[in-house]
Amino acid sequence: MKIFSIADLHLSFNENIDKPMDIFGTGWNMHTDRLKAAWTELVSDEDIVVIPGDSSWAMKLDEAIADLDWIHELPGTKLISKGNHDLWWGRINYLNSLYDDIIFLQNECYYIESMNTVICATRGWPYPGSDEYTDHDEKIYSRELLRLRMGLDAAKEKAPGAEIIVALHYPPSGSDGHETEFTSMMESYGVKTCVYGHLHGAVAFGKGIKGQYRGVEYKLVSLDYLGGIPKLIKDDAC
């Protein structure tokens with residue numbers, strides 16, 4: 001079994017949604033075709049793929065079904081969390097009734113017993129001091145911190161001693177690795193790996209934390225950064 005991750009699929013298979021991604025640069029040319037080819041080659045039905053937000057451009061859930069069906073047809077179990085563009089996101093219990101191979105993660109965790117690994121996820125939010133943060137963001141930022149804590153508490157209760165992977169949509173810190181409430185929380189819970197997306201384009205890629213900082217390994221997994229190839233996060237054969 002392996003765990004992969006890739007964020008920001010930005011799908012728009014609904015015929016009423018016109019959101020061509022190639023207008024954002026060559027990294028998005030035929031991105032769904034390239035993603036499907038790479039995913040099918042790398043991922044087996046026994047594997048896990050973590051998708052940290054921005055799966056669909058849809059505004060409503062019925063509009064997102066075409067995109068979720070497309071994900072459903074790909075190999076593996078998919079763990080999807082919310083991004084800033086996932087306006088279709090609805091009641092978590094209802095979402096989790098739709099597919100047998102897609103788990104929508106919020107305020108909870110997903111335990112992979114065979115790998116002794118637990119995955120927690122939330123959207124995250126721009127952190128104080130980042131370019132996007134304003135005073136109006138404080139309420140949402142605090143709520144996202146609470147949601148992450150709920151997932152981490154669930155992980156500690158469900159699987160004490162298990163390896164913890166956190167998926168965020170927004171980067172939890174900048175490229176200098178300075179401490180934020182997100183990074184300090186992950187450190188305090190002993191998180192091993194944090195994956196995130198949201199950043200697009202060469203300039204933005206350099207703005208997120210990457211590598212090892214105070215015991216946590218940070219990985220940017222936005223689709224254009226990865227060239228449309230899901231990133232291997234953990235392999236139980238290693």
# chains A, B, ... in the order shown; residues from 1 in each chain; ligands from 1
>>> residues_around(residues="A:Leu223", least_positions_apart="5", cutoff="6 Å", atoms="only C-alpha atoms", output="ChimeraX atom specification")
/A:6-8,228
>>> select_by_dssp(residues="stretch 162-206 of chain A", states="alpha helix (DSSP H)", output="ChimeraX atom specification")
/A:181-188,202-205
>>> write_last_selection(atoms="N, CA and C atoms", output="tab-separated table (two decimals), in the first residue's frame")
chain	number	residue	atom	x	y	z
A	181	GLU	N	0.64	29.33	14.21
A	181	GLU	CA	-0.16	28.47	15.09
A	181	GLU	C	-0.40	27.11	14.45
A	182	PHE	N	-0.45	27.06	13.12
A	182	PHE	CA	-0.59	25.77	12.46
A	182	PHE	C	0.66	24.91	12.66
A	183	THR	N	1.84	25.50	12.42
A	183	THR	CA	3.06	24.69	12.55
A	183	THR	C	3.30	24.27	13.99
A	184	SER	N	3.05	25.16	14.94
A	184	SER	CA	3.30	24.80	16.34
A	184	SER	C	2.32	23.71	16.80
A	185	MET	N	1.08	23.75	16.31
A	185	MET	CA	0.13	22.71	16.67
A	185	MET	C	0.58	21.36	16.12
A	186	MET	N	1.01	21.34	14.86
A	186	MET	CA	1.46	20.08	14.29
A	186	MET	C	2.68	19.54	15.02
A	187	GLU	N	3.59	20.42	15.38
A	187	GLU	CA	4.76	19.98	16.14
A	187	GLU	C	4.36	19.38	17.48
A	188	SER	N	3.41	20.01	18.16
A	188	SER	CA	3.02	19.55	19.49
A	188	SER	C	2.33	18.19	19.45
A	202	ALA	N	5.41	29.93	-10.77
A	202	ALA	CA	6.79	29.89	-10.29
A	202	ALA	C	7.04	30.82	-9.10
A	203	VAL	N	6.47	32.01	-9.14
A	203	VAL	CA	6.68	32.95	-8.03
A	203	VAL	C	6.02	32.44	-6.76
A	204	ALA	N	4.77	32.01	-6.87
A	204	ALA	CA	4.03	31.53	-5.70
A	204	ALA	C	4.63	30.26	-5.12
A	205	PHE	N	5.16	29.39	-5.97
A	205	PHE	CA	5.76	28.15	-5.48
A	205	PHE	C	6.81	28.42	-4.41
>>> residues_around(residues="A:Arg123", least_positions_apart="3", cutoff="9 Å", atoms="only C-alpha atoms", output="PDB file with N, CA, C and O atoms, in the first residue's frame")
ATOM      1  N   PRO A  52      -5.846  17.630  -1.138  1.00  0.00           N
ATOM      2  CA  PRO A  52      -6.059  18.725  -0.190  1.00  0.00           C
ATOM      3  C   PRO A  52      -6.707  19.972  -0.818  1.00  0.00           C
ATOM      4  O   PRO A  52      -6.128  21.053  -0.865  1.00  0.00           O
ATOM      5  N   GLY A  53      -7.920  19.814  -1.306  1.00  0.00           N
ATOM      6  CA  GLY A  53      -8.719  20.972  -1.692  1.00  0.00           C
ATOM      7  C   GLY A  53      -8.672  21.388  -3.141  1.00  0.00           C
ATOM      8  O   GLY A  53      -7.800  21.000  -3.918  1.00  0.00           O
ATOM      9  N   SER A  81     -10.271  16.874   1.075  1.00  0.00           N
ATOM     10  CA  SER A  81     -10.574  17.941   2.026  1.00  0.00           C
ATOM     11  C   SER A  81     -10.913  19.217   1.253  1.00  0.00           C
ATOM     12  O   SER A  81     -10.803  19.271   0.033  1.00  0.00           O
ATOM     13  N   LYS A  82     -11.336  20.222   1.969  1.00  0.00           N
ATOM     14  CA  LYS A  82     -11.902  21.422   1.358  1.00  0.00           C
ATOM     15  C   LYS A  82     -10.831  22.450   1.011  1.00  0.00           C
ATOM     16  O   LYS A  82      -9.869  22.646   1.763  1.00  0.00           O
ATOM     17  N   GLY A  83     -11.010  23.102  -0.147  1.00  0.00           N
ATOM     18  CA  GLY A  83     -10.165  24.224  -0.543  1.00  0.00           C
ATOM     19  C   GLY A  83     -10.978  25.502  -0.610  1.00  0.00           C
ATOM     20  O   GLY A  83     -12.201  25.493  -0.440  1.00  0.00           O
ATOM     21  N   ASN A  84     -10.328  26.602  -0.897  1.00  0.00           N
ATOM     22  CA  ASN A  84     -11.044  27.874  -0.924  1.00  0.00           C
ATOM     23  C   ASN A  84     -12.023  27.988  -2.084  1.00  0.00           C
ATOM     24  O   ASN A  84     -12.990  28.759  -2.021  1.00  0.00           O
ATOM     25  N   GLN A 106     -13.183  16.137   7.409  1.00  0.00           N
ATOM     26  CA  GLN A 106     -13.358  17.414   8.102  1.00  0.00           C
ATOM     27  C   GLN A 106     -13.665  17.117   9.568  1.00  0.00           C
ATOM     28  O   GLN A 106     -14.546  16.312   9.873  1.00  0.00           O
ATOM     29  N   GLU A 144     -10.417  27.279  11.568  1.00  0.00           N
ATOM     30  CA  GLU A 144      -9.633  26.243  10.909  1.00  0.00           C
ATOM     31  C   GLU A 144      -8.613  25.622  11.860  1.00  0.00           C
ATOM     32  O   GLU A 144      -8.332  24.420  11.788  1.00  0.00           O
ATOM     33  N   ARG A 147     -10.586  23.127  13.810  1.00  0.00           N
ATOM     34  CA  ARG A 147     -10.876  21.921  13.030  1.00  0.00           C
ATOM     35  C   ARG A 147      -9.659  21.005  12.935  1.00  0.00           C
ATOM     36  O   ARG A 147      -9.790  19.782  13.011  1.00  0.00           O
ATOM     37  N   LEU A 148      -8.490  21.600  12.781  1.00  0.00           N
ATOM     38  CA  LEU A 148      -7.283  20.786  12.762  1.00  0.00           C
ATOM     39  C   LEU A 148      -7.076  20.107  14.110  1.00  0.00           C
ATOM     40  O   LEU A 148      -6.749  18.908  14.174  1.00  0.00           O
ATOM     41  N   ALA A 167      -3.102  17.101   5.975  1.00  0.00           N
ATOM     42  CA  ALA A 167      -3.329  17.731   4.671  1.00  0.00           C
ATOM     43  C   ALA A 167      -4.040  19.064   4.885  1.00  0.00           C
ATOM     44  O   ALA A 167      -5.113  19.107   5.488  1.00  0.00           O
ATOM     45  N   LEU A 168      -3.446  20.126   4.405  1.00  0.00           N
ATOM     46  CA  LEU A 168      -4.037  21.458   4.428  1.00  0.00           C
ATOM     47  C   LEU A 168      -4.165  21.943   2.987  1.00  0.00           C
ATOM     48  O   LEU A 168      -3.400  21.510   2.119  1.00  0.00           O
ATOM     49  N   HIS A 169      -5.101  22.832   2.743  1.00  0.00           N
ATOM     50  CA  HIS A 169      -5.117  23.446   1.421  1.00  0.00           C
ATOM     51  C   HIS A 169      -4.126  24.604   1.373  1.00  0.00           C
ATOM     52  O   HIS A 169      -3.293  24.691   0.473  1.00  0.00           O
ATOM     53  N   TYR A 170      -4.221  25.501   2.339  1.00  0.00           N
ATOM     54  CA  TYR A 170      -3.309  26.652   2.386  1.00  0.00           C
ATOM     55  C   TYR A 170      -1.963  26.256   2.997  1.00  0.00           C
ATOM     56  O   TYR A 170      -1.903  25.389   3.876  1.00  0.00           O
TER      57      TYR A 170
END
>>> residues_around(residues="A:Arg91", least_positions_apart="6", cutoff="12 Å", atoms="only C-alpha atoms", output="VMD selection string")
chain A and resid 61 82 97 to 98 104 to 106
>>> residues_around(residues="A:Asp45", least_positions_apart="6", cutoff="9 Å", atoms="only C-alpha atoms", output="list in words")
Leu74, Pro75, Gly76 and Thr77 of chain A
>>> residues_around(residues="A:Ile229", least_positions_apart="4", cutoff="10 Å", atoms="only C-alpha atoms", output="ChimeraX atom specification")
/A:4-6,31,34-39,41-42,221-225
>>> closest_residue(among="A:Val49, A:Val118, A:Leu68, A:Ile112", to="A:Leu95", atoms="only C-alpha atoms")
A:Leu68
>>> residues_around(residues="A:Trp57", least_positions_apart="3", cutoff="12 Å", atoms="only C-alpha atoms", output="MDAnalysis selection string")
chainID A and resid 8:21 53:54 60:68 83:89
>>> write_last_selection(atoms="C-alpha atoms", output="short mmCIF file (atom, residue, chain, number, x, y, z; two decimals), in the first residue's frame")
data_model
loop_
_atom_site.label_atom_id
_atom_site.label_comp_id
_atom_site.auth_asym_id
_atom_site.auth_seq_id
_atom_site.Cartn_x
_atom_site.Cartn_y
_atom_site.Cartn_z
CA ASP A 8 -5.87 21.62 -6.87
CA LEU A 9 -7.38 19.36 -9.50
CA HIS A 10 -9.66 22.24 -10.55
CA LEU A 11 -12.04 20.02 -12.48
CA SER A 12 -14.95 21.35 -14.51
CA PHE A 13 -16.60 18.44 -16.30
CA ASN A 14 -20.10 19.82 -15.81
CA GLU A 15 -21.27 21.08 -19.19
CA ASN A 16 -22.57 24.30 -17.64
CA ILE A 17 -19.20 25.29 -16.15
CA ASP A 18 -16.65 26.92 -18.41
CA LYS A 19 -13.34 27.07 -16.54
CA PRO A 20 -10.46 26.28 -18.91
CA MET A 21 -7.27 26.02 -16.88
CA GLY A 53 -8.72 20.97 -1.69
CA ASP A 54 -9.88 22.73 -4.84
CA LYS A 60 -23.25 23.63 -6.03
CA LEU A 61 -22.98 19.96 -5.19
CA ASP A 62 -25.15 18.80 -8.10
CA GLU A 63 -22.76 20.64 -10.43
CA ALA A 64 -19.75 18.95 -8.78
CA ILE A 65 -21.04 15.40 -9.26
CA ALA A 66 -19.49 15.08 -12.73
CA ASP A 67 -16.11 15.98 -11.24
CA LEU A 68 -16.51 13.67 -8.24
CA GLY A 83 -10.16 24.22 -0.54
CA ASN A 84 -11.04 27.87 -0.92
CA HIS A 85 -12.74 27.25 -4.29
CA ASP A 86 -14.78 24.24 -3.16
CA LEU A 87 -18.00 26.22 -2.82
CA TRP A 88 -20.01 23.06 -3.56
CA TRP A 89 -18.89 21.50 -0.27
#
>>> atom_distance(atom1="atom CA of A:Pro171", atom2="atom CA of A:Met150")
19.0 Å
>>> atom_distance(atom1="atom CA of A:Asp33", atom2="atom CA of A:Tyr94")
29.3 Å
>>> closest_residue(among="A:Val50, A:Asn93, A:Tyr218, A:Asn107", to="A:Ile80", atoms="only C-alpha atoms")
A:Val50
>>> atom_distance(atom1="atom CA of A:Glu163", atom2="atom CA of A:Thr180")
21.7 Å
>>> closest_residue(among="A:Asn116, A:Ser142, A:Ser130, A:Gln212", to="A:Ile164", atoms="only C-alpha atoms")
A:Asn116
>>> closest_residue(among="A:Val43, A:Ile165, A:Asp137, A:Gly27", to="A:Leu232", atoms="only C-alpha atoms")
A:Val43
>>> select_by_dssp(residues="stretch 12-238 of chain A", states="strand (DSSP E)", output="PyMOL selection string")
chain A and resi 48-52+77-81+102-104+109-112+117-122+163-168+193-196+211-213+216-220+231-235
>>> closest_residue(among="A:Leu152, A:Tyr127, A:Ile103, A:Met115", to="A:Ile140", atoms="only C-alpha atoms")
A:Tyr127
>>> decode(residues="stretch 49-65 of chain A", atoms="all heavy atoms", output="tab-separated table (two decimals), in the first residue's frame")
chain	number	residue	atom	x	y	z
A	49	VAL	N	-5.01	8.16	-2.07
A	49	VAL	CA	-4.61	9.44	-2.66
A	49	VAL	C	-5.29	10.56	-1.87
A	49	VAL	O	-6.52	10.61	-1.77
A	49	VAL	CB	-4.98	9.54	-4.15
A	49	VAL	CG1	-4.50	10.88	-4.71
A	49	VAL	CG2	-4.38	8.39	-4.94
A	50	VAL	N	-4.48	11.44	-1.30
A	50	VAL	CA	-4.98	12.57	-0.51
A	50	VAL	C	-5.08	13.78	-1.43
A	50	VAL	O	-4.09	14.16	-2.08
A	50	VAL	CB	-4.04	12.87	0.68
A	50	VAL	CG1	-4.60	14.01	1.52
A	50	VAL	CG2	-3.84	11.61	1.52
A	51	ILE	N	-6.26	14.41	-1.47
A	51	ILE	CA	-6.50	15.57	-2.33
A	51	ILE	C	-6.83	16.77	-1.44
A	51	ILE	O	-7.98	16.93	-1.00
A	51	ILE	CB	-7.65	15.30	-3.32
A	51	ILE	CG1	-7.37	14.02	-4.13
A	51	ILE	CG2	-7.86	16.49	-4.25
A	51	ILE	CD1	-8.54	13.58	-5.00
A	52	PRO	N	-5.85	17.63	-1.14
A	52	PRO	CA	-6.06	18.73	-0.19
A	52	PRO	C	-6.71	19.97	-0.82
A	52	PRO	O	-6.13	21.05	-0.86
A	52	PRO	CB	-4.65	19.05	0.32
A	52	PRO	CG	-3.78	17.95	-0.17
A	52	PRO	CD	-4.42	17.47	-1.43
A	53	GLY	N	-7.92	19.81	-1.31
A	53	GLY	CA	-8.72	20.97	-1.69
A	53	GLY	C	-8.67	21.39	-3.14
A	53	GLY	O	-7.80	21.00	-3.92
A	54	ASP	N	-9.67	22.20	-3.49
A	54	ASP	CA	-9.88	22.73	-4.84
A	54	ASP	C	-10.00	21.62	-5.87
A	54	ASP	O	-9.34	21.62	-6.92
A	54	ASP	CB	-8.79	23.73	-5.22
A	54	ASP	CG	-9.01	25.09	-4.56
A	54	ASP	OD1	-9.94	25.22	-3.74
A	54	ASP	OD2	-8.25	26.02	-4.85
A	55	SER	N	-10.90	20.69	-5.59
A	55	SER	CA	-11.14	19.57	-6.50
A	55	SER	C	-11.99	19.98	-7.68
A	55	SER	O	-11.81	19.47	-8.78
A	55	SER	CB	-11.83	18.42	-5.75
A	55	SER	OG	-11.05	17.98	-4.68
A	56	SER	N	-12.95	20.89	-7.46
A	56	SER	CA	-13.93	21.22	-8.49
A	56	SER	C	-14.22	22.71	-8.51
A	56	SER	O	-14.25	23.37	-7.46
A	56	SER	CB	-15.23	20.45	-8.23
A	56	SER	OG	-16.27	20.89	-9.07
A	57	TRP	N	-14.49	23.23	-9.71
A	57	TRP	CA	-14.90	24.62	-9.86
A	57	TRP	C	-16.40	24.83	-9.59
A	57	TRP	O	-16.89	25.95	-9.63
A	57	TRP	CB	-14.60	25.10	-11.27
A	57	TRP	CG	-13.20	25.56	-11.51
A	57	TRP	CD1	-12.28	24.98	-12.33
A	57	TRP	CD2	-12.55	26.72	-10.96
A	57	TRP	NE1	-11.11	25.69	-12.32
A	57	TRP	CE2	-11.25	26.77	-11.49
A	57	TRP	CE3	-12.95	27.71	-10.06
A	57	TRP	CZ2	-10.34	27.76	-11.15
A	57	TRP	CZ3	-12.04	28.70	-9.72
A	57	TRP	CH2	-10.76	28.72	-10.27
A	58	ALA	N	-17.13	23.77	-9.35
A	58	ALA	CA	-18.59	23.87	-9.19
A	58	ALA	C	-18.96	24.78	-8.01
A	58	ALA	O	-18.24	24.86	-7.01
A	58	ALA	CB	-19.19	22.49	-8.99
A	59	MET	N	-20.12	25.41	-8.15
A	59	MET	CA	-20.65	26.24	-7.08
A	59	MET	C	-21.61	25.45	-6.18
A	59	MET	O	-21.75	25.75	-5.00
A	59	MET	CB	-21.41	27.44	-7.67
A	59	MET	CG	-20.55	28.33	-8.55
A	59	MET	SD	-19.37	29.32	-7.61
A	59	MET	CE	-20.46	30.52	-6.87
A	60	LYS	N	-22.27	24.44	-6.76
A	60	LYS	CA	-23.25	23.63	-6.03
A	60	LYS	C	-22.88	22.16	-6.17
A	60	LYS	O	-22.26	21.75	-7.14
A	60	LYS	CB	-24.66	23.88	-6.58
A	60	LYS	CG	-25.10	25.32	-6.47
A	60	LYS	CD	-26.48	25.51	-7.10
A	60	LYS	CE	-26.94	26.96	-7.02
A	60	LYS	NZ	-28.27	27.15	-7.68
A	61	LEU	N	-23.35	21.37	-5.19
A	61	LEU	CA	-22.98	19.96	-5.19
A	61	LEU	C	-23.46	19.23	-6.43
A	61	LEU	O	-22.71	18.42	-6.99
A	61	LEU	CB	-23.55	19.28	-3.93
A	61	LEU	CG	-23.23	17.79	-3.80
A	61	LEU	CD1	-21.73	17.53	-3.85
A	61	LEU	CD2	-23.82	17.24	-2.51
A	62	ASP	N	-24.67	19.51	-6.91
A	62	ASP	CA	-25.15	18.80	-8.10
A	62	ASP	C	-24.28	19.11	-9.31
A	62	ASP	O	-24.15	18.28	-10.22
A	62	ASP	CB	-26.62	19.10	-8.37
A	62	ASP	CG	-26.91	20.56	-8.64
A	62	ASP	OD1	-26.05	21.42	-8.34
A	62	ASP	OD2	-27.99	20.87	-9.16
A	63	GLU	N	-23.67	20.29	-9.34
A	63	GLU	CA	-22.76	20.64	-10.43
A	63	GLU	C	-21.41	19.94	-10.29
A	63	GLU	O	-20.70	19.75	-11.28
A	63	GLU	CB	-22.54	22.15	-10.46
A	63	GLU	CG	-23.79	22.97	-10.74
A	63	GLU	CD	-23.56	24.47	-10.59
A	63	GLU	OE1	-22.58	24.85	-9.91
A	63	GLU	OE2	-24.36	25.24	-11.15
A	64	ALA	N	-21.05	19.58	-9.04
A	64	ALA	CA	-19.75	18.95	-8.78
A	64	ALA	C	-19.77	17.44	-9.01
A	64	ALA	O	-18.69	16.83	-9.07
A	64	ALA	CB	-19.32	19.22	-7.34
A	65	ILE	N	-20.95	16.86	-9.16
A	65	ILE	CA	-21.04	15.40	-9.26
A	65	ILE	C	-20.24	14.86	-10.45
A	65	ILE	O	-19.57	13.82	-10.33
A	65	ILE	CB	-22.51	14.95	-9.35
A	65	ILE	CG1	-23.22	15.21	-8.01
A	65	ILE	CG2	-22.61	13.48	-9.72
A	65	ILE	CD1	-22.61	14.47	-6.83
